[in-house]
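J.: Dropping in data.csv, with CSV, C-alpha atoms.
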```csv
chain,number,residue,atom,x,y,z
A,1,ASP,CA,-174.6,-128.1,9.0
A,2,ALA,CA,-176.2,-127.8,5.6
A,3,GLY,CA,-174.0,-130.5,4.0
A,4,VAL,CA,-172.4,-130.2,0.6
A,5,ILE,CA,-174.5,-128.0,-1.6
A,6,GLN,CA,-174.5,-128.4,-5.4
A,7,SER,CA,-176.3,-126.3,-8.0
A,8,PRO,CA,-178.1,-126.6,-10.2
A,9,ARG,CA,-179.7,-129.9,-9.4
A,10,HIS,CA,-180.7,-130.4,-13.0
A,11,GLU,CA,-179.3,-128.9,-16.2
A,12,VAL,CA,-180.5,-129.5,-19.7
A,13,THR,CA,-178.4,-127.9,-22.5
A,14,GLU,CA,-177.7,-128.2,-26.1
A,15,MET,CA,-174.5,-129.6,-27.6
A,16,GLY,CA,-171.8,-126.9,-27.9
A,17,GLN,CA,-173.0,-124.8,-25.0
A,18,GLU,CA,-171.0,-124.0,-22.0
A,19,VAL,CA,-172.0,-125.7,-18.7
A,20,THR,CA,-171.0,-124.6,-15.2
A,21,LEU,CA,-171.6,-126.8,-12.2
A,22,ARG,CA,-171.2,-125.3,-8.7
A,23,CYS,CA,-170.3,-126.8,-5.3
A,24,LYS,CA,-170.1,-125.4,-1.8
A,25,PRO,CA,-168.3,-127.8,0.5
A,26,ILE,CA,-168.9,-128.3,4.2
A,27,SER,CA,-167.4,-125.5,6.2
A,28,GLY,CA,-163.9,-126.4,7.6
A,29,HIS,CA,-163.3,-129.2,5.1
A,30,ASP,CA,-160.0,-129.0,3.3
A,31,TYR,CA,-160.5,-131.5,0.5
A,32,LEU,CA,-162.9,-131.2,-2.3
A,33,PHE,CA,-163.6,-133.9,-4.9
A,34,TRP,CA,-165.6,-134.0,-8.2
A,35,TYR,CA,-167.0,-137.3,-9.4
A,36,ARG,CA,-169.0,-138.3,-12.5
A,37,GLN,CA,-171.6,-141.1,-12.5
A,38,THR,CA,-172.7,-142.8,-15.7
A,39,MET,CA,-174.4,-146.1,-16.4
A,40,MET,CA,-171.5,-147.3,-18.5
A,41,ARG,CA,-168.6,-146.2,-16.4
A,42,GLY,CA,-170.0,-146.0,-12.9
A,43,LEU,CA,-168.5,-143.5,-10.5
A,44,GLU,CA,-165.3,-141.9,-11.6
A,45,LEU,CA,-163.1,-139.4,-9.8
A,46,LEU,CA,-162.5,-136.4,-12.1
A,47,ILE,CA,-160.3,-134.1,-9.9
A,48,TYR,CA,-159.7,-133.2,-6.3
A,49,PHE,CA,-158.4,-130.2,-4.4
A,50,ASN,CA,-156.6,-129.7,-1.1
A,51,ASN,CA,-156.7,-126.2,0.4
A,52,ASN,CA,-158.0,-124.9,-2.9
A,53,VAL,CA,-155.1,-126.3,-4.9
A,54,PRO,CA,-155.7,-129.0,-7.5
A,55,ILE,CA,-153.9,-132.2,-6.5
A,56,ASP,CA,-154.9,-134.7,-9.1
A,57,ASP,CA,-156.7,-134.0,-12.3
A,58,SER,CA,-155.8,-137.2,-14.1
A,59,GLY,CA,-159.5,-138.2,-14.3
A,60,MET,CA,-160.6,-135.1,-16.2
A,61,PRO,CA,-161.7,-136.6,-19.5
A,62,GLU,CA,-160.3,-134.0,-21.9
A,63,ASP,CA,-159.5,-130.3,-22.3
A,64,ARG,CA,-163.1,-129.4,-22.6
A,65,PHE,CA,-163.4,-130.0,-18.8
A,66,SER,CA,-161.9,-127.5,-16.3
A,67,ALA,CA,-162.3,-127.1,-12.5
A,68,LYS,CA,-161.5,-124.2,-10.2
A,69,MET,CA,-161.6,-123.6,-6.5
A,70,PRO,CA,-161.2,-119.8,-6.0
A,71,ASN,CA,-161.7,-120.1,-2.2
A,72,ALA,CA,-162.4,-122.6,0.5
A,73,SER,CA,-166.2,-122.3,0.1
A,74,PHE,CA,-166.7,-122.6,-3.6
A,75,SER,CA,-165.7,-124.7,-6.6
A,76,THR,CA,-166.8,-124.9,-10.2
A,77,LEU,CA,-166.7,-127.6,-12.9
A,78,LYS,CA,-167.0,-126.2,-16.4
A,79,ILE,CA,-167.5,-128.0,-19.7
A,80,GLN,CA,-167.0,-126.1,-22.8
A,81,PRO,CA,-168.2,-127.0,-25.4
A,82,SER,CA,-170.5,-129.7,-24.0
A,83,GLU,CA,-171.3,-132.9,-25.9
A,84,PRO,CA,-174.1,-135.5,-25.5
A,85,ARG,CA,-171.6,-138.0,-24.1
A,86,ASP,CA,-171.1,-135.6,-21.1
A,87,SER,CA,-174.6,-136.4,-19.9
A,88,ALA,CA,-174.2,-137.8,-16.4
A,89,VAL,CA,-174.7,-137.1,-12.8
A,90,TYR,CA,-171.9,-135.0,-11.4
A,91,PHE,CA,-171.2,-135.2,-7.6
A,92,CYS,CA,-169.1,-133.0,-5.4
A,93,ALA,CA,-167.8,-134.3,-2.1
A,94,SER,CA,-165.7,-132.8,0.7
A,95,SER,CA,-163.7,-134.1,3.6
A,96,PHE,CA,-161.5,-133.3,6.5
A,97,VAL,CA,-158.5,-135.5,6.2
A,98,VAL,CA,-158.4,-137.0,9.6
A,99,GLY,CA,-162.1,-138.1,9.4
A,100,ASN,CA,-161.4,-140.6,6.6
A,101,GLU,CA,-164.8,-139.9,5.2
A,102,GLN,CA,-166.1,-138.0,2.1
A,103,PHE,CA,-169.4,-136.3,2.4
A,104,PHE,CA,-171.3,-136.2,-0.9
A,105,GLY,CA,-173.6,-133.6,-2.3
A,106,PRO,CA,-177.0,-134.5,-4.0
A,107,GLY,CA,-175.5,-134.3,-7.4
A,108,THR,CA,-176.2,-132.4,-10.6
A,109,ARG,CA,-177.9,-134.3,-13.4
A,110,LEU,CA,-176.6,-133.0,-16.7
A,111,THR,CA,-178.4,-133.7,-20.0
A,112,VAL,CA,-176.7,-132.5,-23.2
A,113,LEU,CA,-179.0,-132.8,-26.2
B,1,ALA,CA,-153.3,-149.3,-9.3
B,2,GLN,CA,-156.3,-150.0,-7.1
B,3,SER,CA,-159.6,-151.6,-8.2
B,4,VAL,CA,-162.9,-152.9,-6.8
B,5,THR,CA,-165.1,-155.7,-8.1
B,6,GLN,CA,-168.6,-156.1,-6.9
B,7,LEU,CA,-170.1,-159.4,-7.7
B,8,GLY,CA,-173.7,-159.2,-8.9
B,9,SER,CA,-175.2,-156.0,-10.3
B,10,HIS,CA,-178.5,-156.9,-8.8
B,11,VAL,CA,-179.3,-158.8,-5.6
B,12,SER,CA,-182.8,-159.7,-4.5
B,13,VAL,CA,-183.7,-160.9,-1.0
B,14,SER,CA,-186.9,-161.4,0.9
B,15,GLU,CA,-187.8,-159.0,3.8
B,16,GLY,CA,-186.3,-160.5,7.0
B,17,ALA,CA,-183.6,-162.5,5.1
B,18,LEU,CA,-179.9,-162.2,5.3
B,19,VAL,CA,-178.3,-159.5,3.0
B,20,LEU,CA,-174.9,-160.3,1.6
B,21,LEU,CA,-173.3,-158.0,-0.9
B,22,ARG,CA,-169.8,-159.0,-2.2
B,23,CYS,CA,-166.8,-156.8,-2.7
B,24,ASN,CA,-163.3,-157.8,-3.7
B,25,TYR,CA,-160.5,-155.2,-4.0
B,26,SER,CA,-157.0,-154.9,-5.4
B,27,SER,CA,-154.5,-152.6,-3.8
B,28,SER,CA,-150.7,-152.4,-3.8
B,29,VAL,CA,-150.7,-151.1,-0.2
B,30,PRO,CA,-152.9,-151.8,2.9
B,31,PRO,CA,-156.2,-150.3,1.8
B,32,TYR,CA,-158.9,-148.2,3.3
B,33,LEU,CA,-162.2,-149.7,2.4
B,34,PHE,CA,-165.7,-148.1,2.4
B,35,TRP,CA,-169.3,-149.0,1.7
B,36,TYR,CA,-171.6,-146.3,0.5
B,37,VAL,CA,-175.4,-146.4,-0.1
B,38,GLN,CA,-177.3,-144.3,-2.7
B,39,TYR,CA,-181.0,-143.9,-2.6
B,40,PRO,CA,-182.8,-142.8,-5.8
B,41,ASN,CA,-182.0,-139.3,-6.8
B,42,GLN,CA,-179.7,-138.7,-3.8
B,43,GLY,CA,-176.0,-138.5,-3.1
B,44,LEU,CA,-173.9,-141.2,-1.5
B,45,GLN,CA,-174.1,-141.8,2.2
B,46,LEU,CA,-171.3,-143.6,4.1
B,47,LEU,CA,-172.4,-146.9,5.7
B,48,LEU,CA,-169.1,-148.0,7.2
B,49,LYS,CA,-165.4,-147.9,6.7
B,50,TYR,CA,-162.3,-150.0,7.4
B,51,THR,CA,-159.2,-148.1,8.4
B,52,SER,CA,-156.9,-150.9,9.6
B,53,ALA,CA,-158.3,-151.1,13.1
B,54,ALA,CA,-160.8,-154.0,13.8
B,55,THR,CA,-161.4,-156.3,10.9
B,56,LEU,CA,-165.1,-156.5,11.7
B,57,VAL,CA,-166.6,-153.1,11.1
B,58,LYS,CA,-170.1,-152.1,12.2
B,59,GLY,CA,-172.0,-149.4,10.4
B,60,ILE,CA,-175.3,-147.6,10.4
B,61,ASN,CA,-178.7,-149.2,9.8
B,62,GLY,CA,-177.5,-152.6,11.1
B,63,PHE,CA,-174.9,-153.2,8.4
B,64,GLU,CA,-171.5,-154.7,9.0
B,65,ALA,CA,-168.5,-155.8,6.9
B,66,GLU,CA,-165.5,-158.0,7.5
B,67,PHE,CA,-162.1,-157.3,6.1
B,68,LYS,CA,-160.4,-160.5,5.0
B,69,LYS,CA,-156.9,-159.8,3.7
B,70,SER,CA,-156.2,-163.4,2.6
B,71,GLU,CA,-159.3,-163.2,0.4
B,72,THR,CA,-159.0,-159.5,-0.5
B,73,SER,CA,-162.6,-159.1,0.3
B,74,PHE,CA,-164.8,-156.7,2.2
B,75,HIS,CA,-168.3,-158.2,2.0
B,76,LEU,CA,-171.3,-156.3,3.4
B,77,THR,CA,-173.9,-158.1,5.5
B,78,LYS,CA,-177.1,-157.4,7.4
B,79,PRO,CA,-178.9,-160.2,9.3
B,80,SER,CA,-182.4,-159.1,8.5
B,81,ALA,CA,-183.4,-157.1,5.4
B,82,HIS,CA,-185.9,-154.3,5.7
B,83,MET,CA,-187.9,-152.7,2.9
B,84,SER,CA,-186.1,-149.5,3.5
B,85,ASP,CA,-182.8,-151.1,2.6
B,86,ALA,CA,-183.7,-151.1,-1.1
B,87,ALA,CA,-181.0,-148.9,-2.7
B,88,GLU,CA,-177.7,-149.0,-4.7
B,89,TYR,CA,-174.7,-150.0,-2.7
B,90,PHE,CA,-171.1,-149.1,-3.6
B,91,CYS,CA,-167.8,-150.5,-2.4
B,92,ALA,CA,-164.8,-148.2,-2.6
B,93,VAL,CA,-161.1,-148.3,-1.9
B,94,SER,CA,-158.5,-145.7,-1.1
B,95,GLU,CA,-154.8,-146.2,-0.6
B,96,ARG,CA,-154.2,-143.1,1.5
B,97,GLY,CA,-157.3,-142.7,3.5
B,98,GLY,CA,-160.7,-141.6,2.3
B,99,GLY,CA,-160.3,-138.1,3.5
B,100,ALA,CA,-157.2,-137.2,1.6
B,101,ASP,CA,-157.5,-139.3,-1.6
B,102,GLY,CA,-159.9,-139.9,-4.4
B,103,LEU,CA,-162.0,-143.1,-4.0
B,104,THR,CA,-162.1,-145.9,-6.6
B,105,PHE,CA,-165.6,-147.3,-6.7
B,106,GLY,CA,-167.0,-150.6,-7.8
B,107,LYS,CA,-169.8,-150.7,-10.3
B,108,GLY,CA,-172.5,-150.9,-7.6
B,109,THR,CA,-175.1,-153.5,-6.5
B,110,HIS,CA,-178.7,-152.8,-6.7
B,111,LEU,CA,-180.4,-154.4,-3.7
B,112,ILE,CA,-184.1,-155.4,-4.2
B,113,ILE,CA,-186.2,-156.3,-1.2
B,114,GLN,CA,-189.1,-158.7,-1.8
B,115,PRO,CA,-192.1,-158.3,0.5
```
Take the structure in the file and give it back as C-alpha coordinates.
T.:
Amino acid sequence: DAGVIQSPRHEVTEMGQEVTLRCKPISGHDYLFWYRQTMMRGLELLIYFNNNVPIDDSGMPEDRFSAKMPNASFSTLKIQPSEPRDSAVYFCASSFVVGNEQFFGPGTRLTVL
Amino acid sequence: AQSVTQLGSHVSVSEGALVLLRCNYSSSVPPYLFWYVQYPNQGLQLLLKYTSAATLVKGINGFEAEFKKSETSFHLTKPSAHMSDAAEYFCAVSERGGGADGLTFGKGTHLIIQP
(Lines of atoms letter the chains of each structure in order from A and count residues from 1; the text may use other names and numbers.)
(Lines give C-alpha, C1' and ligand atoms only; values in the text may rest on other atoms or scores of the structure.)
Protein backbone atom coordinates (compact mmCIF):
# COMPACT_ATOMS: atom_id res chain seq x y z
CA ASP A 1 0.00 0.00 0.00
CA ALA A 2 1.32 3.45 -0.91
CA GLY A 3 0.07 5.10 2.24
CA VAL A 4 -1.59 8.50 2.38
CA ILE A 5 -0.47 10.64 -0.53
CA GLN A 6 -0.37 14.43 -0.38
CA SER A 7 0.47 16.93 -3.08
CA PRO A 8 2.23 19.17 -3.50
CA ARG A 9 4.91 18.54 -0.88
CA HIS A 10 5.94 22.18 -0.92
CA GLU A 11 3.98 25.24 -2.00
CA VAL A 12 5.18 28.82 -2.07
CA THR A 13 2.65 31.45 -2.99
CA GLU A 14 1.98 35.14 -2.58
CA MET A 15 -0.58 36.68 -0.30
CA GLY A 16 -4.00 36.80 -1.88
CA GLN A 17 -3.53 33.80 -4.12
CA GLU A 18 -5.68 30.69 -4.01
CA VAL A 19 -4.01 27.55 -2.68
CA THR A 20 -5.28 23.99 -3.13
CA LEU A 21 -3.84 21.09 -1.19
CA ARG A 22 -4.66 17.52 -2.22
CA CYS A 23 -4.90 14.23 -0.40
CA LYS A 24 -5.43 10.62 -1.45
CA PRO A 25 -6.30 8.41 1.55
CA ILE A 26 -5.43 4.76 1.96
CA SER A 27 -7.80 2.60 -0.04
CA GLY A 28 -10.66 1.25 2.09
CA HIS A 29 -10.35 3.85 4.83
CA ASP A 30 -13.61 5.59 5.62
CA TYR A 31 -12.35 8.54 7.67
CA LEU A 32 -10.20 11.40 6.45
CA PHE A 33 -8.69 14.15 8.61
CA TRP A 34 -6.95 17.44 7.85
CA TYR A 35 -4.52 18.84 10.44
CA ARG A 36 -2.33 21.96 10.52
CA GLN A 37 1.04 22.17 12.29
CA THR A 38 2.62 25.47 13.31
CA MET A 39 5.32 26.36 15.80
CA MET A 40 2.94 28.54 17.79
CA ARG A 41 -0.14 26.32 17.92
CA GLY A 42 1.24 22.84 17.37
CA LEU A 43 -0.94 20.23 15.64
CA GLU A 44 -4.57 21.21 15.23
CA LEU A 45 -7.48 19.35 13.72
CA LEU A 46 -9.13 21.39 10.97
CA ILE A 47 -11.88 19.10 9.65
CA TYR A 48 -12.71 15.46 9.20
CA PHE A 49 -14.92 13.38 6.93
CA ASN A 50 -16.69 10.06 7.27
CA ASN A 51 -17.69 8.33 4.04
CA ASN A 52 -17.02 11.58 2.17
CA VAL A 53 -19.33 13.63 4.43
CA PRO A 54 -17.90 16.41 6.62
CA ILE A 55 -18.49 15.53 10.27
CA ASP A 56 -16.75 18.28 12.20
CA ASP A 57 -15.35 21.47 10.70
CA SER A 58 -15.16 23.44 13.93
CA GLY A 59 -11.38 23.65 13.60
CA MET A 60 -11.45 25.47 10.27
CA PRO A 61 -10.01 28.87 11.14
CA GLU A 62 -12.25 31.07 8.99
CA ASP A 63 -14.29 31.25 5.84
CA ARG A 64 -11.17 31.51 3.70
CA PHE A 65 -10.67 27.79 4.33
CA SER A 66 -12.80 25.13 2.67
CA ALA A 67 -12.49 21.36 2.27
CA LYS A 68 -14.18 18.87 0.03
CA MET A 69 -14.19 15.15 -0.47
CA PRO A 70 -15.88 14.41 -3.80
CA ASN A 71 -15.16 10.69 -3.60
CA ALA A 72 -13.56 8.09 -1.34
CA SER A 73 -10.13 8.49 -2.88
CA PHE A 74 -9.65 12.25 -3.01
CA SER A 75 -9.92 15.32 -0.82
CA THR A 76 -8.90 18.95 -1.18
CA LEU A 77 -8.23 21.76 1.26
CA LYS A 78 -8.51 25.19 -0.29
CA ILE A 79 -7.44 28.57 1.04
CA GLN A 80 -8.75 31.63 -0.76
CA PRO A 81 -7.35 34.21 -0.37
CA SER A 82 -4.18 33.04 1.33
CA GLU A 83 -2.42 35.10 4.01
CA PRO A 84 1.10 34.88 5.52
CA ARG A 85 -0.35 33.54 8.78
CA ASP A 86 -1.57 30.48 6.87
CA SER A 87 2.05 29.35 6.48
CA ALA A 88 2.25 25.92 8.09
CA VAL A 89 2.58 22.23 7.39
CA TYR A 90 -0.77 20.69 6.49
CA PHE A 91 -1.24 16.98 7.13
CA CYS A 92 -3.86 14.64 5.84
CA ALA A 93 -4.60 11.40 7.70
CA SER A 94 -6.96 8.50 7.09
CA SER A 95 -8.32 5.68 9.19
CA PHE A 96 -10.55 2.66 9.33
CA VAL A 97 -12.69 3.10 12.41
CA VAL A 98 -12.11 -0.27 14.04
CA GLY A 99 -8.36 0.08 13.74
CA ASN A 100 -8.17 2.99 16.18
CA GLU A 101 -5.22 4.40 14.30
CA GLN A 102 -4.80 7.33 11.95
CA PHE A 103 -2.23 7.05 9.18
CA PHE A 104 -0.59 10.34 8.28
CA GLY A 105 0.66 11.59 4.97
CA PRO A 106 4.04 13.33 4.60
CA GLY A 107 2.46 16.76 4.74
CA THR A 108 2.43 19.86 2.54
CA ARG A 109 4.65 22.72 3.65
CA LEU A 110 2.88 25.94 2.68
CA THR A 111 4.67 29.28 2.64
CA VAL A 112 2.65 32.41 1.94
CA LEU A 113 4.78 35.44 1.21
CA ALA B 1 -13.17 19.23 26.43
CA GLN B 2 -10.08 17.11 26.15
CA SER B 3 -6.50 18.34 26.39
CA VAL B 4 -2.94 17.04 26.56
CA THR B 5 0.07 18.47 28.37
CA GLN B 6 3.56 17.32 27.56
CA LEU B 7 6.12 18.39 30.15
CA GLY B 8 9.36 19.53 28.61
CA SER B 9 9.58 20.79 25.06
CA HIS B 10 13.11 19.36 24.86
CA VAL B 11 14.55 16.28 26.56
CA SER B 12 18.19 15.29 26.24
CA VAL B 13 19.53 11.86 27.21
CA SER B 14 22.74 9.97 26.60
CA GLU B 15 22.83 7.02 24.25
CA GLY B 16 22.01 3.90 26.27
CA ALA B 17 20.20 5.83 29.01
CA LEU B 18 16.55 5.62 29.98
CA VAL B 19 14.12 7.71 27.96
CA LEU B 20 11.13 9.20 29.81
CA LEU B 21 8.72 11.54 28.04
CA ARG B 22 5.83 12.83 30.12
CA CYS B 23 2.21 13.21 29.09
CA ASN B 24 -0.81 14.20 31.16
CA TYR B 25 -4.29 14.32 29.75
CA SER B 26 -7.68 15.73 30.56
CA SER B 27 -10.82 14.01 29.36
CA SER B 28 -14.45 13.90 30.44
CA VAL B 29 -14.77 10.25 29.44
CA PRO B 30 -12.41 7.26 29.49
CA PRO B 31 -9.87 8.27 26.92
CA TYR B 32 -8.05 6.65 24.05
CA LEU B 33 -4.39 7.69 24.21
CA PHE B 34 -1.66 7.66 21.60
CA TRP B 35 2.01 8.40 21.16
CA TYR B 36 3.23 9.43 17.70
CA VAL B 37 6.77 10.08 16.49
CA GLN B 38 7.74 12.58 13.80
CA TYR B 39 11.12 12.46 12.08
CA PRO B 40 12.33 15.61 10.29
CA ASN B 41 10.29 16.49 7.21
CA GLN B 42 8.08 13.45 7.61
CA GLY B 43 4.55 12.69 8.71
CA LEU B 44 3.56 11.21 12.05
CA GLN B 45 4.00 7.51 12.79
CA LEU B 46 2.10 5.71 15.51
CA LEU B 47 4.33 4.35 18.29
CA LEU B 48 1.62 2.86 20.50
CA LYS B 49 -1.96 3.28 21.64
CA TYR B 50 -4.08 2.71 24.74
CA THR B 51 -7.64 1.61 24.08
CA SER B 52 -8.82 0.49 27.56
CA ALA B 53 -7.25 -2.95 27.44
CA ALA B 54 -3.95 -3.51 29.30
CA THR B 55 -2.66 -0.44 31.13
CA LEU B 56 0.93 -1.17 30.09
CA VAL B 57 1.16 -0.79 26.35
CA LYS B 58 4.09 -1.93 24.26
CA GLY B 59 4.85 -0.26 20.97
CA ILE B 60 7.35 -0.27 18.19
CA ASN B 61 11.09 0.36 18.49
CA GLY B 62 11.20 -0.78 22.13
CA PHE B 63 8.93 1.96 23.47
CA GLU B 64 6.20 1.40 26.03
CA ALA B 65 3.75 3.53 28.00
CA GLU B 66 1.68 3.03 31.11
CA PHE B 67 -1.82 4.40 31.55
CA LYS B 68 -2.37 5.66 35.11
CA LYS B 69 -5.92 6.83 35.62
CA SER B 70 -5.30 8.18 39.14
CA GLU B 71 -2.54 10.40 37.81
CA THR B 72 -4.17 11.10 34.42
CA SER B 73 -0.83 10.24 32.88
CA PHE B 74 0.46 8.25 29.92
CA HIS B 75 4.24 8.60 30.05
CA LEU B 76 6.41 7.09 27.32
CA THR B 77 9.56 5.15 28.22
CA LYS B 78 12.36 3.23 26.58
CA PRO B 79 15.02 1.45 28.66
CA SER B 80 17.98 2.27 26.43
CA ALA B 81 18.12 5.22 24.04
CA HIS B 82 19.53 4.85 20.56
CA MET B 83 20.76 7.60 18.28
CA SER B 84 17.95 6.77 15.85
CA ASP B 85 15.37 7.73 18.52
CA ALA B 86 16.13 11.42 18.03
CA ALA B 87 12.85 12.91 16.82
CA GLU B 88 9.74 14.84 17.90
CA TYR B 89 7.26 12.91 20.01
CA PHE B 90 3.58 13.75 20.36
CA CYS B 91 1.04 12.51 22.87
CA ALA B 92 -2.59 12.61 21.72
CA VAL B 93 -6.04 11.91 23.14
CA SER B 94 -9.36 10.97 21.66
CA GLU B 95 -12.68 10.44 23.38
CA ARG B 96 -14.24 8.19 20.76
CA GLY B 97 -11.36 6.13 19.45
CA GLY B 98 -8.56 7.28 17.20
CA GLY B 99 -10.13 5.90 14.07
CA ALA B 100 -13.40 7.79 14.23
CA ASP B 101 -12.51 11.03 15.95
CA GLY B 102 -10.11 13.87 15.58
CA LEU B 103 -7.06 13.70 17.81
CA THR B 104 -6.07 16.41 20.29
CA PHE B 105 -2.29 16.65 20.42
CA GLY B 106 0.17 17.92 22.97
CA LYS B 107 2.76 20.50 21.94
CA GLY B 108 5.38 17.83 21.41
CA THR B 109 8.73 16.92 22.99
CA HIS B 110 11.94 17.07 21.02
CA LEU B 111 14.14 14.14 22.06
CA ILE B 112 17.88 14.72 21.74
CA ILE B 113 20.29 11.80 22.05
CA GLN B 114 23.81 12.62 23.17
CA PRO B 115 26.57 10.27 21.96
J.: For segment 63-71 of chain B, work out the shell of residues within 12 Å, counting all atoms listed in the file and skipping chain neighbours fewer than 2 positions away, then give it as a ChimeraX atom specification.
T.: /B:18-27,29-37,46-61,73-82,85,89,91
J.: Counting all atoms listed in the file, which of B:Thr5, B:Ser84, B:Thr104, B:Ser12 gets nearest to chain A?
T.: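 The shortest atom-to-atom distance to chain A comes from B:Thr104.
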J.: Contacts between chain B and chain A, please, where a residue of chain A counts if it comes within 9 Å (with all atoms listed in the file); show its shortest atom pair and distance in Å to one decimal, rows by chain and ascending number, as a Markdown table.
T.:
```
| residue | atom | partner | partner_atom | distance |
| --- | --- | --- | --- | --- |
| A:Asp30 | CA | B:Ala100 | CA | 8.8 |
| A:Tyr31 | CA | B:Ala100 | CA | 6.7 |
| A:Phe33 | CA | B:Gly102 | CA | 7.1 |
| A:Met39 | CA | B:Lys107 | CA | 8.9 |
| A:Arg41 | CA | B:Lys107 | CA | 7.7 |
| A:Gly42 | CA | B:Lys107 | CA | 5.4 |
| A:Leu43 | CA | B:Phe105 | CA | 6.1 |
| A:Glu44 | CA | B:Thr104 | CA | 7.2 |
| A:Leu45 | CA | B:Gly102 | CA | 6.3 |
| A:Leu46 | CA | B:Gly102 | CA | 8.8 |
| A:Ile47 | CA | B:Gly102 | CA | 8.0 |
| A:Tyr48 | CA | B:Gly102 | CA | 7.0 |
| A:Asn50 | CA | B:Ala100 | CA | 8.0 |
| A:Asp56 | CA | B:Gly102 | CA | 8.6 |
| A:Phe91 | CA | B:Gly43 | CA | 7.4 |
| A:Ser94 | CA | B:Gly99 | CA | 8.1 |
| A:Ser95 | CA | B:Gly99 | CA | 5.3 |
| A:Phe96 | CA | B:Gly99 | CA | 5.8 |
| A:Val97 | CA | B:Gly99 | CA | 4.2 |
| A:Val98 | CA | B:Gly99 | CA | 6.5 |
| A:Gly99 | CA | B:Gly99 | CA | 6.2 |
| A:Asn100 | CA | B:Gly99 | CA | 4.1 |
| A:Glu101 | CA | B:Gly99 | CA | 5.1 |
| A:Gln102 | CA | B:Gly99 | CA | 6.0 |
| A:Phe103 | CA | B:Gln45 | CA | 7.2 |
| A:Phe104 | CA | B:Leu44 | CA | 5.7 |
| A:Gly105 | CA | B:Gly43 | CA | 5.5 |
| A:Pro106 | CA | B:Gly43 | CA | 4.2 |
| A:Gly107 | CA | B:Gly43 | CA | 6.0 |
```
J.: Work out how far apart atom CA of Gln2 of chain B and atom CA of Pro84 of chain A are and give it in Å to one decimal.
T.: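 Atom CA of Pro84 of chain A lies at a distance of 29.4 Å from atom CA of Gln2 of chain B.
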J.: Considering only C-alpha atoms, can you say which of B:Met83, B:Glu88, B:Thr72, B:Tyr39 comes closest to Val13 of chain B?
T.: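 Of all the options, B:Met83 lies closest to Val13 of chain B.
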J.: For atom CA of Ile113 of chain B and atom CA of Gly16 of chain B, quote the distance in Å rounded to one decimal.
T.: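 Going from atom CA of Ile113 of chain B over to atom CA of Gly16 of chain B covers 9.2 Å.
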J.: Could you please determine the separation between atom CA of Glu11 of chain A and atom CA of Leu110 of chain A in Å, to one decimal place?
T.: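 Separating atom CA of Glu11 of chain A from atom CA of Leu110 of chain A is a distance of 4.9 Å.
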J.: Distance cut-off 9 Å, centre (-166.0, -128.6, -8.2) in file coordinates, counting all atoms listed in the file: which residues qualify? Return them as a ChimeraX atom specification.
T.: /A:6,21-24,32-35,47-49,67-69,74-78,91-93
J.: If we count only C-alpha atoms, what is near Ser87 of chain A at a cut-off of 10 Å, once residues fewer than 5 positions away on the same chain are taken out, given as a list in words?
T.: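 The residues that qualify are Glu11, Val12, Thr13, Arg36, Gln37, Thr38, Ser82, Arg109, Leu110, Thr111, Val112 and Leu113 of chain A.
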J.: Using all atoms listed in the file, which protein or nucleic acid residues come within 8 Å of Gln80 of chain A? Drop anything in the same chain fewer than 6 positions from it, and give the result as a list in words.
T.: Gly16, Gln17, Glu18, Val19, Arg64 and Phe65 of chain A
J.: Pull C-alpha atoms from the residues just selected and write them as a JSON list (two decimals), in the coordinates of the input.
T.:
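Output below, filename result39.json:
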```json
[["chain", "number", "residue", "atom", "x", "y", "z"],
["A", 16, "GLY", "CA", -171.80, -126.90, -27.90],
["A", 17, "GLN", "CA", -173.00, -124.80, -25.00],
["A", 18, "GLU", "CA", -171.00, -124.00, -22.00],
["A", 19, "VAL", "CA", -172.00, -125.70, -18.70],
["A", 64, "ARG", "CA", -163.10, -129.40, -22.60],
["A", 65, "PHE", "CA", -163.40, -130.00, -18.80]]
```
J.: Considering all atoms listed in the file, can you say which of B:Ser3, B:Ser28, B:Gln114, B:Thr109 comes closest to Glu15 of chain B?
T.: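 Of B:Ser3, B:Ser28, B:Gln114, B:Thr109, the one nearest Glu15 of chain B, counting all atoms listed in the file, is B:Gln114.
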